[in-house]
$ cat final-v8.txt   # compact mmCIF, N, CA and C atoms
# COMPACT_ATOMS: atom_id res chain seq x y z
N ASN A 469 0.57 -18.96 8.51
CA ASN A 469 1.16 -17.89 7.74
C ASN A 469 1.31 -18.34 6.30
N ALA A 470 1.36 -17.39 5.39
CA ALA A 470 1.37 -17.70 3.96
C ALA A 470 2.60 -18.51 3.57
N GLU A 471 3.75 -18.22 4.19
CA GLU A 471 4.95 -18.96 3.85
C GLU A 471 4.79 -20.42 4.23
N TYR A 472 4.23 -20.66 5.40
CA TYR A 472 4.00 -22.01 5.87
C TYR A 472 3.08 -22.78 4.94
N MET A 473 2.11 -22.10 4.37
CA MET A 473 1.14 -22.75 3.50
C MET A 473 1.69 -22.99 2.09
N GLY A 474 2.96 -22.63 1.86
CA GLY A 474 3.58 -22.93 0.59
C GLY A 474 3.50 -21.82 -0.45
N PHE A 475 3.04 -20.65 -0.06
CA PHE A 475 2.92 -19.56 -1.02
C PHE A 475 4.16 -18.67 -1.05
N GLY A 476 5.15 -18.93 -0.22
CA GLY A 476 6.34 -18.09 -0.17
C GLY A 476 6.15 -16.98 0.83
N PRO A 477 7.18 -16.13 0.98
CA PRO A 477 7.10 -15.05 1.96
C PRO A 477 5.96 -14.10 1.65
N SER A 478 5.33 -13.57 2.69
CA SER A 478 4.20 -12.67 2.49
C SER A 478 4.65 -11.28 2.08
N THR A 479 5.93 -10.99 2.26
CA THR A 479 6.49 -9.69 1.89
C THR A 479 7.88 -9.95 1.33
N ARG A 480 8.13 -9.44 0.14
CA ARG A 480 9.45 -9.65 -0.44
C ARG A 480 9.80 -8.54 -1.41
N SER A 481 11.06 -8.48 -1.72
CA SER A 481 11.58 -7.49 -2.65
C SER A 481 12.14 -8.23 -3.85
N VAL A 482 11.81 -7.74 -5.04
CA VAL A 482 12.35 -8.32 -6.28
C VAL A 482 12.82 -7.17 -7.16
N ARG A 483 13.77 -7.46 -8.00
CA ARG A 483 14.28 -6.45 -8.92
C ARG A 483 13.92 -6.92 -10.33
N VAL A 484 13.29 -6.02 -11.08
CA VAL A 484 12.91 -6.31 -12.47
C VAL A 484 13.48 -5.18 -13.32
N GLY A 485 14.39 -5.54 -14.21
CA GLY A 485 14.97 -4.54 -15.09
C GLY A 485 15.60 -3.37 -14.36
N GLY A 486 16.22 -3.64 -13.21
CA GLY A 486 16.86 -2.58 -12.45
C GLY A 486 15.94 -1.80 -11.53
N VAL A 487 14.67 -2.15 -11.51
CA VAL A 487 13.70 -1.44 -10.66
C VAL A 487 13.32 -2.35 -9.49
N ARG A 488 13.36 -1.80 -8.28
CA ARG A 488 13.00 -2.58 -7.09
C ARG A 488 11.49 -2.54 -6.87
N PHE A 489 10.91 -3.71 -6.71
CA PHE A 489 9.49 -3.86 -6.36
C PHE A 489 9.41 -4.49 -4.99
N VAL A 490 8.52 -3.98 -4.16
CA VAL A 490 8.22 -4.60 -2.87
C VAL A 490 6.82 -5.17 -2.99
N LEU A 491 6.71 -6.47 -2.83
CA LEU A 491 5.43 -7.17 -2.92
C LEU A 491 4.96 -7.47 -1.50
N LEU A 492 3.79 -6.96 -1.16
CA LEU A 492 3.28 -7.07 0.21
C LEU A 492 1.97 -7.83 0.26
N ASN A 493 1.83 -8.65 1.28
CA ASN A 493 0.53 -9.19 1.61
C ASN A 493 -0.10 -8.19 2.56
N SER A 494 -0.97 -7.34 2.04
CA SER A 494 -1.48 -6.22 2.83
C SER A 494 -2.35 -6.67 4.00
N VAL A 495 -2.83 -7.90 4.00
CA VAL A 495 -3.56 -8.41 5.16
C VAL A 495 -2.63 -8.44 6.37
N GLY A 496 -1.35 -8.69 6.13
CA GLY A 496 -0.36 -8.74 7.20
C GLY A 496 0.04 -7.38 7.74
N LEU A 497 -0.52 -6.32 7.19
CA LEU A 497 -0.21 -4.97 7.66
C LEU A 497 -1.21 -4.49 8.70
N GLY A 498 -2.29 -5.23 8.89
CA GLY A 498 -3.40 -4.78 9.70
C GLY A 498 -3.11 -4.53 11.16
N GLY A 499 -2.14 -5.22 11.72
CA GLY A 499 -1.84 -5.02 13.12
C GLY A 499 -2.98 -5.44 14.04
N ASP A 500 -3.81 -6.34 13.56
CA ASP A 500 -4.98 -6.77 14.33
C ASP A 500 -4.75 -8.09 15.05
N GLY A 501 -3.49 -8.42 15.26
CA GLY A 501 -3.18 -9.64 15.98
C GLY A 501 -3.10 -10.87 15.10
N CYS A 502 -3.13 -10.70 13.78
CA CYS A 502 -3.06 -11.86 12.91
C CYS A 502 -1.70 -12.54 13.09
N ALA A 503 -1.64 -13.80 12.76
CA ALA A 503 -0.45 -14.61 13.04
C ALA A 503 0.80 -14.08 12.35
N PHE A 504 0.68 -13.48 11.20
CA PHE A 504 1.89 -13.06 10.49
C PHE A 504 2.07 -11.54 10.39
N CYS A 505 1.26 -10.77 11.14
CA CYS A 505 1.40 -9.30 11.11
C CYS A 505 2.75 -8.83 11.62
N ALA A 506 3.21 -9.37 12.73
CA ALA A 506 4.50 -8.95 13.28
C ALA A 506 5.63 -9.28 12.31
N ALA A 507 5.57 -10.44 11.70
CA ALA A 507 6.60 -10.83 10.73
C ALA A 507 6.55 -9.94 9.49
N THR A 508 5.35 -9.57 9.06
CA THR A 508 5.22 -8.70 7.89
C THR A 508 5.83 -7.34 8.18
N TRP A 509 5.51 -6.75 9.35
CA TRP A 509 6.06 -5.43 9.69
C TRP A 509 7.57 -5.50 9.90
N ALA A 510 8.07 -6.59 10.45
CA ALA A 510 9.53 -6.75 10.61
C ALA A 510 10.19 -6.75 9.24
N ARG A 511 9.58 -7.44 8.31
CA ARG A 511 10.13 -7.48 6.94
C ARG A 511 10.03 -6.11 6.27
N VAL A 512 8.92 -5.40 6.48
CA VAL A 512 8.78 -4.04 5.92
C VAL A 512 9.89 -3.15 6.46
N ARG A 513 10.15 -3.23 7.77
CA ARG A 513 11.22 -2.40 8.35
C ARG A 513 12.58 -2.75 7.75
N GLY A 514 12.83 -4.04 7.53
CA GLY A 514 14.09 -4.46 6.90
C GLY A 514 14.20 -3.95 5.46
N LEU A 515 13.13 -4.04 4.72
CA LEU A 515 13.12 -3.54 3.34
C LEU A 515 13.27 -2.02 3.31
N ALA A 516 12.72 -1.35 4.31
CA ALA A 516 12.84 0.10 4.39
C ALA A 516 14.31 0.49 4.61
N ARG A 517 14.99 -0.22 5.50
CA ARG A 517 16.42 0.06 5.73
C ARG A 517 17.21 -0.14 4.44
N GLU A 518 16.88 -1.20 3.74
CA GLU A 518 17.54 -1.52 2.46
C GLU A 518 17.30 -0.40 1.43
N ALA A 519 16.06 0.02 1.29
CA ALA A 519 15.71 1.06 0.31
C ALA A 519 16.33 2.40 0.70
N ASN A 520 16.31 2.74 1.98
CA ASN A 520 16.87 4.01 2.43
C ASN A 520 18.39 4.04 2.30
N ALA A 521 19.04 2.89 2.47
CA ALA A 521 20.49 2.82 2.35
C ALA A 521 20.93 3.07 0.91
N THR A 522 20.11 2.69 -0.04
CA THR A 522 20.45 2.87 -1.45
C THR A 522 19.78 4.09 -2.05
N ASP A 523 18.95 4.77 -1.25
CA ASP A 523 18.19 5.93 -1.74
C ASP A 523 17.42 5.57 -3.01
N GLU A 524 16.83 4.37 -2.98
CA GLU A 524 16.10 3.85 -4.14
C GLU A 524 14.65 3.57 -3.73
N PRO A 525 13.75 4.54 -3.90
CA PRO A 525 12.35 4.30 -3.53
C PRO A 525 11.76 3.16 -4.37
N PRO A 526 11.13 2.19 -3.73
CA PRO A 526 10.58 1.06 -4.48
C PRO A 526 9.20 1.35 -5.05
N ILE A 527 8.78 0.48 -5.93
CA ILE A 527 7.39 0.41 -6.35
C ILE A 527 6.76 -0.66 -5.47
N VAL A 528 5.68 -0.32 -4.80
CA VAL A 528 5.01 -1.26 -3.90
C VAL A 528 3.78 -1.82 -4.60
N ALA A 529 3.63 -3.13 -4.51
CA ALA A 529 2.44 -3.81 -5.06
C ALA A 529 1.79 -4.60 -3.94
N MET A 530 0.49 -4.39 -3.77
CA MET A 530 -0.26 -5.09 -2.72
C MET A 530 -1.73 -5.12 -3.08
N HIS A 531 -2.51 -5.83 -2.30
CA HIS A 531 -3.92 -5.98 -2.62
C HIS A 531 -4.77 -4.78 -2.19
N TYR A 532 -4.75 -4.46 -0.91
CA TYR A 532 -5.61 -3.39 -0.40
C TYR A 532 -5.04 -2.01 -0.69
N PRO A 533 -5.87 -1.05 -1.09
CA PRO A 533 -5.39 0.31 -1.33
C PRO A 533 -5.01 1.02 -0.04
N LEU A 534 -4.14 2.01 -0.19
CA LEU A 534 -3.85 2.91 0.92
C LEU A 534 -5.13 3.66 1.28
N TRP A 535 -5.18 4.17 2.50
CA TRP A 535 -6.36 4.89 2.98
C TRP A 535 -6.68 6.10 2.12
N ARG A 536 -7.93 6.25 1.84
CA ARG A 536 -8.50 7.49 1.32
C ARG A 536 -9.94 7.51 1.81
N ALA A 537 -10.40 8.67 2.22
CA ALA A 537 -11.73 8.77 2.82
C ALA A 537 -12.83 8.39 1.82
N THR A 538 -12.76 8.95 0.63
CA THR A 538 -13.72 8.66 -0.44
C THR A 538 -12.98 8.68 -1.76
N GLU A 539 -13.66 8.33 -2.81
CA GLU A 539 -13.05 8.37 -4.13
C GLU A 539 -12.91 9.81 -4.63
N ASP A 540 -13.52 10.76 -3.93
CA ASP A 540 -13.30 12.17 -4.25
C ASP A 540 -11.84 12.55 -4.02
N ASP A 541 -11.11 11.75 -3.22
CA ASP A 541 -9.69 12.01 -2.97
C ASP A 541 -8.83 11.69 -4.19
N CYS A 542 -9.39 11.02 -5.18
CA CYS A 542 -8.66 10.64 -6.38
C CYS A 542 -8.63 11.81 -7.37
N GLU A 543 -7.48 12.01 -7.99
CA GLU A 543 -7.40 13.04 -9.04
C GLU A 543 -8.13 12.56 -10.29
N LEU A 544 -7.96 11.28 -10.59
CA LEU A 544 -8.67 10.64 -11.70
C LEU A 544 -9.27 9.34 -11.17
N THR A 545 -10.46 9.03 -11.59
CA THR A 545 -11.10 7.77 -11.21
C THR A 545 -12.19 7.46 -12.21
N ASP A 546 -12.54 6.18 -12.28
CA ASP A 546 -13.66 5.80 -13.14
C ASP A 546 -14.89 5.40 -12.32
N VAL A 547 -14.90 5.77 -11.05
CA VAL A 547 -16.06 5.51 -10.19
C VAL A 547 -17.20 6.42 -10.64
N ALA A 548 -18.40 5.88 -10.65
CA ALA A 548 -19.57 6.67 -11.02
C ALA A 548 -19.68 7.89 -10.11
N PRO A 549 -20.01 9.06 -10.66
CA PRO A 549 -20.06 10.29 -9.86
C PRO A 549 -20.92 10.17 -8.61
N GLN A 550 -22.03 9.46 -8.67
CA GLN A 550 -22.91 9.35 -7.50
C GLN A 550 -22.30 8.49 -6.39
N LEU A 551 -21.22 7.76 -6.67
CA LEU A 551 -20.59 6.91 -5.65
C LEU A 551 -19.28 7.49 -5.11
N ARG A 552 -18.81 8.58 -5.69
CA ARG A 552 -17.51 9.13 -5.29
C ARG A 552 -17.49 9.67 -3.88
N HIS A 553 -18.63 10.01 -3.34
CA HIS A 553 -18.69 10.58 -1.99
C HIS A 553 -18.88 9.52 -0.91
N VAL A 554 -19.12 8.27 -1.28
CA VAL A 554 -19.34 7.19 -0.31
C VAL A 554 -18.04 6.94 0.46
N ARG A 555 -18.14 6.93 1.79
CA ARG A 555 -16.95 6.75 2.63
C ARG A 555 -16.41 5.34 2.54
N ASN A 556 -15.09 5.24 2.42
CA ASN A 556 -14.42 3.94 2.46
C ASN A 556 -14.37 3.43 3.89
N ARG A 557 -14.42 2.13 4.04
CA ARG A 557 -14.36 1.49 5.35
C ARG A 557 -12.94 0.97 5.59
N PRO A 558 -12.25 1.51 6.60
CA PRO A 558 -10.90 1.02 6.89
C PRO A 558 -10.92 -0.48 7.19
N ASN A 559 -9.91 -1.18 6.72
CA ASN A 559 -9.75 -2.63 6.87
C ASN A 559 -10.78 -3.42 6.08
N MET A 560 -11.58 -2.75 5.29
CA MET A 560 -12.51 -3.46 4.40
C MET A 560 -12.31 -2.99 2.97
N ASP A 561 -12.37 -1.69 2.76
CA ASP A 561 -12.18 -1.13 1.42
C ASP A 561 -10.75 -0.68 1.20
N THR A 562 -10.09 -0.25 2.28
CA THR A 562 -8.72 0.26 2.23
C THR A 562 -8.00 -0.15 3.50
N LEU A 563 -6.69 0.09 3.52
CA LEU A 563 -5.96 -0.01 4.78
C LEU A 563 -6.40 1.15 5.66
N THR A 564 -6.08 1.11 6.92
CA THR A 564 -6.40 2.23 7.80
C THR A 564 -5.46 3.40 7.49
N ALA A 565 -5.82 4.58 7.93
CA ALA A 565 -4.97 5.75 7.74
C ALA A 565 -3.63 5.56 8.45
N GLU A 566 -3.67 5.01 9.67
CA GLU A 566 -2.45 4.82 10.45
C GLU A 566 -1.49 3.84 9.77
N VAL A 567 -2.04 2.72 9.29
CA VAL A 567 -1.21 1.73 8.60
C VAL A 567 -0.67 2.31 7.30
N SER A 568 -1.51 3.03 6.57
CA SER A 568 -1.06 3.65 5.31
C SER A 568 0.07 4.63 5.56
N ASP A 569 -0.09 5.49 6.57
CA ASP A 569 0.95 6.47 6.89
C ASP A 569 2.25 5.77 7.30
N ALA A 570 2.15 4.74 8.11
CA ALA A 570 3.34 4.02 8.56
C ALA A 570 4.04 3.34 7.39
N LEU A 571 3.29 2.77 6.50
CA LEU A 571 3.87 2.09 5.34
C LEU A 571 4.58 3.09 4.41
N VAL A 572 3.93 4.21 4.13
CA VAL A 572 4.53 5.23 3.27
C VAL A 572 5.77 5.83 3.94
N ALA A 573 5.70 6.05 5.25
CA ALA A 573 6.86 6.60 5.98
C ALA A 573 8.03 5.61 5.95
N ALA A 574 7.73 4.33 6.08
CA ALA A 574 8.80 3.32 6.12
C ALA A 574 9.44 3.11 4.76
N LEU A 575 8.64 2.89 3.73
CA LEU A 575 9.18 2.51 2.43
C LEU A 575 9.40 3.68 1.47
N ARG A 576 8.71 4.80 1.72
CA ARG A 576 8.82 5.97 0.86
C ARG A 576 8.69 5.59 -0.62
N PRO A 577 7.61 4.89 -0.98
CA PRO A 577 7.50 4.37 -2.35
C PRO A 577 7.35 5.47 -3.40
N ARG A 578 7.84 5.17 -4.58
CA ARG A 578 7.64 6.12 -5.69
C ARG A 578 6.32 5.86 -6.39
N LEU A 579 5.79 4.65 -6.23
CA LEU A 579 4.51 4.27 -6.84
C LEU A 579 3.92 3.14 -6.02
N VAL A 580 2.61 3.16 -5.83
CA VAL A 580 1.91 2.07 -5.14
C VAL A 580 0.85 1.52 -6.09
N LEU A 581 0.95 0.24 -6.39
CA LEU A 581 -0.02 -0.44 -7.25
C LEU A 581 -0.85 -1.37 -6.37
N VAL A 582 -2.16 -1.28 -6.50
CA VAL A 582 -3.04 -2.08 -5.65
C VAL A 582 -4.16 -2.72 -6.48
N GLY A 583 -4.84 -3.64 -5.85
CA GLY A 583 -5.99 -4.29 -6.45
C GLY A 583 -7.22 -3.98 -5.62
N HIS A 584 -8.00 -4.99 -5.35
CA HIS A 584 -9.17 -4.96 -4.49
C HIS A 584 -10.36 -4.24 -5.10
N ALA A 585 -10.22 -2.96 -5.40
CA ALA A 585 -11.33 -2.21 -5.99
C ALA A 585 -11.44 -2.56 -7.48
N HIS A 586 -12.61 -2.44 -8.00
CA HIS A 586 -12.83 -2.76 -9.42
C HIS A 586 -12.90 -1.48 -10.24
N HIS A 587 -12.12 -0.49 -9.82
CA HIS A 587 -12.01 0.77 -10.54
C HIS A 587 -10.65 1.35 -10.20
N PHE A 588 -10.26 2.40 -10.87
CA PHE A 588 -8.94 2.95 -10.59
C PHE A 588 -9.04 4.27 -9.84
N CYS A 589 -7.96 4.59 -9.16
CA CYS A 589 -7.82 5.86 -8.44
C CYS A 589 -6.40 6.33 -8.66
N ASP A 590 -6.25 7.46 -9.28
CA ASP A 590 -4.94 8.04 -9.52
C ASP A 590 -4.82 9.25 -8.59
N ARG A 591 -3.84 9.20 -7.70
CA ARG A 591 -3.62 10.32 -6.80
C ARG A 591 -2.18 10.34 -6.35
N ARG A 592 -1.72 11.50 -6.01
CA ARG A 592 -0.36 11.66 -5.52
C ARG A 592 -0.37 11.39 -4.02
N ILE A 593 0.58 10.59 -3.59
CA ILE A 593 0.71 10.28 -2.18
C ILE A 593 1.89 11.08 -1.65
N ARG A 594 1.62 11.92 -0.67
CA ARG A 594 2.67 12.74 -0.09
C ARG A 594 3.49 11.89 0.88
N ARG A 595 4.79 11.84 0.61
CA ARG A 595 5.68 11.13 1.50
C ARG A 595 6.10 12.05 2.64
N PRO A 596 6.45 11.51 3.79
CA PRO A 596 6.85 12.34 4.92
C PRO A 596 7.96 13.32 4.52
N GLY A 597 7.81 14.56 4.93
CA GLY A 597 8.80 15.57 4.63
C GLY A 597 8.58 16.30 3.33
N GLU A 598 7.66 15.82 2.51
CA GLU A 598 7.35 16.52 1.25
C GLU A 598 6.32 17.60 1.52
N PRO A 599 6.46 18.73 0.83
CA PRO A 599 5.47 19.80 1.00
C PRO A 599 4.13 19.38 0.42
N LEU A 600 3.06 19.99 0.92
CA LEU A 600 1.73 19.70 0.41
C LEU A 600 1.55 20.21 -0.99

$ encode --input "final-v8.txt" --output "structure tokens"
Amino acid sequence: NAEYMGFGPSTRSVRVGGVRFVLLNSVGLGGDGCAFCAATWARVRGLAREANATDEPPIVAMHYPLWRATEDDCELTDVAPQLRHVRNRPNMDTLTAEVSDALVAALRPRLVLVGHAHHFCDRRIRRPGEPL
């Protein structure tokens, strides 16, 4: 696990200027039997209880993007038009839809910042209970 290897906890909460950030090792969200997946989800659930108790939606930062079928799902993107229709591969290009939904339901983030892709995707993520 990442903590054992000296990198610190794979999931943690930090406050910067009064704003709560949740930093996630998104590999630990996969639920594919990895050594630290159970610990990552346990920590996510704990952080969710913390955020819900204060009614303070966090900003989530992680490597893999939340699920989206294609880049056509983005309101704004810098992906070349001929590539916008190419389907994303769950657990390779993005998290799975199920993991993404569970994460958004648990943490109810106000903003999700991700890496992995070498282009941007701006889109609104509907939190559970919000109208379409």

$ atom_distance --input "final-v8.txt" --atom1 "atom N of Asp523 of chain A" --atom2 "atom N of Ala570 of chain A"
19.2 Å

$ residues_around --input "final-v8.txt" --residues "segment 550-558 of chain A" --least-positions-apart "5" --cutoff "7 Å" --atoms "all atoms listed in the file" --output "list in words"
Arg536, Ala537, Thr538, Glu539, Asp540, Asp541, Leu563, Thr564 and Ala565 of chain A

$ closest_residue --input "final-v8.txt" --among "A:Gly498, A:Asn493, A:Thr545, A:Thr479" --to "Arg511 of chain A" --atoms "all atoms listed in the file"
A:Thr479

$ select_by_dssp --input "final-v8.txt" --residues "chain A" --states "strand (DSSP E or B)" --output "MDAnalysis selection string"
chainID A and resid 479:484 487:492 527:530 544:545 558 562 579:582 589:590

$ residues_around --input "final-v8.txt" --residues "Val495 of chain A" --least-positions-apart "3" --cutoff "7 Å" --atoms "only N, CA and C atoms" --output "list in words"
Leu492, Gly498, Gly499, Phe504, Cys505, His531 and Tyr532 of chain A

$ atom_distance --input "final-v8.txt" --atom1 "atom C of Arg578 of chain A" --atom2 "atom N of Val528 of chain A"
6.4 Å

$ atom_distance --input "final-v8.txt" --atom1 "atom N of Ser568 of chain A" --atom2 "atom CA of Leu515 of chain A"
16.4 Å

$ closest_residue --input "final-v8.txt" --among "A:Leu544, A:Ile527, A:Pro533, A:Val484" --to "Pro577 of chain A" --atoms "only N, CA and C atoms"
A:Ile527
